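> Enclosed is the structure file coords-v3.cif (mmCIF, C-alpha atoms).
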data_upload
loop_
_atom_site.label_atom_id
_atom_site.label_comp_id
_atom_site.auth_asym_id
_atom_site.auth_seq_id
_atom_site.Cartn_x
_atom_site.Cartn_y
_atom_site.Cartn_z
CA LEU R 64 -3.34 10.56 4.00
CA ALA R 65 -3.04 9.68 7.67
CA ALA R 66 -6.83 9.46 7.88
CA ASP R 67 -7.27 7.53 4.62
CA ALA R 68 -4.15 5.94 3.10
CA ALA R 69 -6.27 4.28 0.37
CA ALA R 70 -6.96 7.76 -1.02
CA LEU R 71 -3.44 7.87 -2.45
CA VAL R 72 -3.96 4.65 -4.41
CA GLU R 73 -7.37 5.82 -5.66
CA ARG R 74 -5.82 9.06 -6.90
CA TYR R 75 -2.80 7.34 -8.48
CA GLN R 76 -4.65 4.41 -10.14
CA PRO R 77 -5.95 6.40 -13.16
CA TRP R 78 -2.39 7.60 -13.88
CA CYS R 79 -0.89 4.11 -14.16
CA SER R 80 0.01 4.08 -17.86
CA LEU R 81 0.83 0.36 -17.73
CA THR R 82 -2.72 -0.77 -16.93
CA GLY R 83 -4.04 -2.97 -19.73
CA HIS R 84 -0.59 -3.48 -21.29
CA ARG R 85 1.52 -6.63 -21.40
CA VAL R 86 4.74 -6.12 -19.49
CA THR R 87 7.71 -8.10 -18.23
CA LEU R 88 8.83 -7.25 -14.74
CA HIS R 89 12.42 -8.29 -13.99
CA LEU R 90 13.20 -9.32 -10.44
CA GLY R 91 16.25 -11.25 -9.27
CA GLY R 92 17.23 -12.23 -12.80
CA VAL R 93 13.78 -13.64 -13.57
CA GLY R 94 11.25 -12.10 -15.95
CA HIS R 95 7.60 -12.19 -14.86
CA GLU R 96 5.26 -11.60 -17.80
CA GLY R 97 1.65 -10.57 -17.58
CA LEU R 98 -1.07 -8.07 -18.26
CA CYS R 99 -0.84 -5.11 -15.90
CA SER R 100 -3.97 -4.84 -13.79
CA GLY R 101 -2.89 -1.63 -12.08
CA ILE R 102 -1.72 -0.66 -8.61
CA ALA R 103 -2.77 -2.54 -5.46
CA SER R 104 -3.82 -0.82 -2.26
CA ASP R 105 -0.34 -1.41 -0.83
CA GLY R 106 1.29 0.32 -3.84
CA SER R 107 2.52 -2.86 -5.53
CA LEU R 108 2.18 -3.49 -9.25
CA VAL R 109 -0.45 -6.14 -10.07
CA LEU R 110 0.17 -8.45 -13.01
CA ASP R 111 -2.29 -11.00 -14.37
CA THR R 112 0.09 -13.88 -15.12
CA PRO R 113 -0.51 -17.44 -16.30
CA ALA R 114 -0.23 -18.39 -12.59
CA GLY R 115 -2.92 -15.86 -11.63
CA LEU R 116 -2.81 -12.34 -10.18
CA ARG R 117 0.56 -11.50 -8.64
CA ARG R 118 1.70 -8.41 -6.76
CA PHE R 119 5.21 -7.02 -7.06
CA ALA R 120 6.54 -4.46 -4.60
CA SER R 121 9.83 -4.09 -6.47
CA GLY R 122 11.45 -4.93 -9.78
CA SER R 123 12.36 -3.30 -13.07
CA LEU R 124 10.63 -3.08 -16.43
CA THR R 125 14.09 -3.05 -18.03
CA ALA R 126 16.19 -6.21 -18.10
CA ALA R 127 19.65 -5.83 -16.58
CA ASP R 128 21.26 -6.79 -19.91
CA ASP R 129 19.36 -4.01 -21.69
CA VAL R 130 20.67 -1.18 -19.51
CA TRP R 131 23.06 1.17 -21.28
CA ARG R 132 26.35 1.40 -19.39
CA GLY R 133 28.03 4.16 -21.36
CA THR R 134 30.78 4.45 -23.92
#
Show me this structure written as structure tokens.

Amino acid sequence: LAADAAALVERYQPWCSLTGHRVTLHLGGVGHEGLCSGIASDGSLVLDTPAGLRRFASGSLTAADDVWRGT
């Protein structure tokens, strides 16, 4: 990997089960909806949104209100 960091992304890209699916990524209390275009070379998730292609380096596919908290 030290010689070719892009090799990791190339190997991981086919395993991204979200590619081609509509998803909502939750970040800071805001949901960002779009069609997943895969993984970018920097490891971020790429979504095709109404505002264009956007990269997300963090976030959750589960809304905070939907997380089970026990009991």
> For Ala127 (chain R), which of R:Pro77, R:Gly83, R:Gly91, R:Gly97 is the closest residue, counting all atoms listed in the file?
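Distance minimum relative to Ala127 (chain R) lands on R:Gly91.
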> In Å, rounded to a single decimal, give me how far CA of Leu110 (chain R) is from CA of Leu71 (chain R).
19.8 Å
> Calculated over only C-alpha atoms, which of the candidates R:Gly106, R:Gly92, R:Gly101, R:Pro113 has the smallest distance to Asp128 (chain R)?
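Closest candidate: R:Gly92.
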> Quick one: residues within 9 Å of Ser104 (chain R), only C-alpha atoms, excluding same-chain residues fewer than 4 positions away - as a list of chain:residue names?
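The filter keeps R:Ala68, R:Ala69, R:Leu71, R:Val72, R:Glu73.
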> Go through R:Ala120, R:Val109, R:Ile102, R:Leu90 and flag the residue nearest Trp78 (chain R), using only C-alpha atoms for the distances.
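Of R:Ala120, R:Val109, R:Ile102, R:Leu90, the one nearest Trp78 (chain R), counting only C-alpha atoms, is R:Ile102.
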> With distances taken over only C-alpha atoms, which of R:Glu96, R:Ala103, R:Leu108, R:His89 is nearest to Thr125 (chain R)?
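Checking each of R:Glu96, R:Ala103, R:Leu108, R:His89 against Thr125 (chain R), counting only C-alpha atoms, the winner is R:His89.
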> Enter the distance from CA of Cys79 (chain R) to CA of Ala126 (chain R), in Å, rounded to one decimal.
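If I compute the distance from CA of Cys79 (chain R) to CA of Ala126 (chain R), I get 20.3 Å.
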> Could you jot down the CA of Ala66 (chain R) to CA of Ser80 (chain R) separation for me, Å, one decimal place?
27.2 Å
> To verify the selection step, state as a list in words which residues the PyMOL selection byres ((chain R and resi 112) around 12) yields on this input.
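Written out, the selection comes to Arg85, Val86, Thr87, Leu88, Gly94, His95, Glu96, Gly97, Leu98, Cys99, Ser100, Val109, Leu110, Asp111, Pro113, Ala114, Gly115, Leu116, Arg117, Arg118 and Phe119 of chain R.
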> Any chance you can output those residues with C-alpha atoms as an mmCIF file, in the frame of the given file?

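The result, written out as part.cif:
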data_model
loop_
_atom_site.group_PDB
_atom_site.id
_atom_site.type_symbol
_atom_site.label_atom_id
_atom_site.label_comp_id
_atom_site.auth_asym_id
_atom_site.auth_seq_id
_atom_site.Cartn_x
_atom_site.Cartn_y
_atom_site.Cartn_z
ATOM 1 C CA ARG R 85 1.520 -6.630 -21.400
ATOM 2 C CA VAL R 86 4.740 -6.120 -19.490
ATOM 3 C CA THR R 87 7.710 -8.100 -18.230
ATOM 4 C CA LEU R 88 8.830 -7.250 -14.740
ATOM 5 C CA GLY R 94 11.250 -12.100 -15.950
ATOM 6 C CA HIS R 95 7.600 -12.190 -14.860
ATOM 7 C CA GLU R 96 5.260 -11.600 -17.800
ATOM 8 C CA GLY R 97 1.650 -10.570 -17.580
ATOM 9 C CA LEU R 98 -1.070 -8.070 -18.260
ATOM 10 C CA CYS R 99 -0.840 -5.110 -15.900
ATOM 11 C CA SER R 100 -3.970 -4.840 -13.790
ATOM 12 C CA VAL R 109 -0.450 -6.140 -10.070
ATOM 13 C CA LEU R 110 0.170 -8.450 -13.010
ATOM 14 C CA ASP R 111 -2.290 -11.000 -14.370
ATOM 15 C CA PRO R 113 -0.510 -17.440 -16.300
ATOM 16 C CA ALA R 114 -0.230 -18.390 -12.590
ATOM 17 C CA GLY R 115 -2.920 -15.860 -11.630
ATOM 18 C CA LEU R 116 -2.810 -12.340 -10.180
ATOM 19 C CA ARG R 117 0.560 -11.500 -8.640
ATOM 20 C CA ARG R 118 1.700 -8.410 -6.760
ATOM 21 C CA PHE R 119 5.210 -7.020 -7.060
#
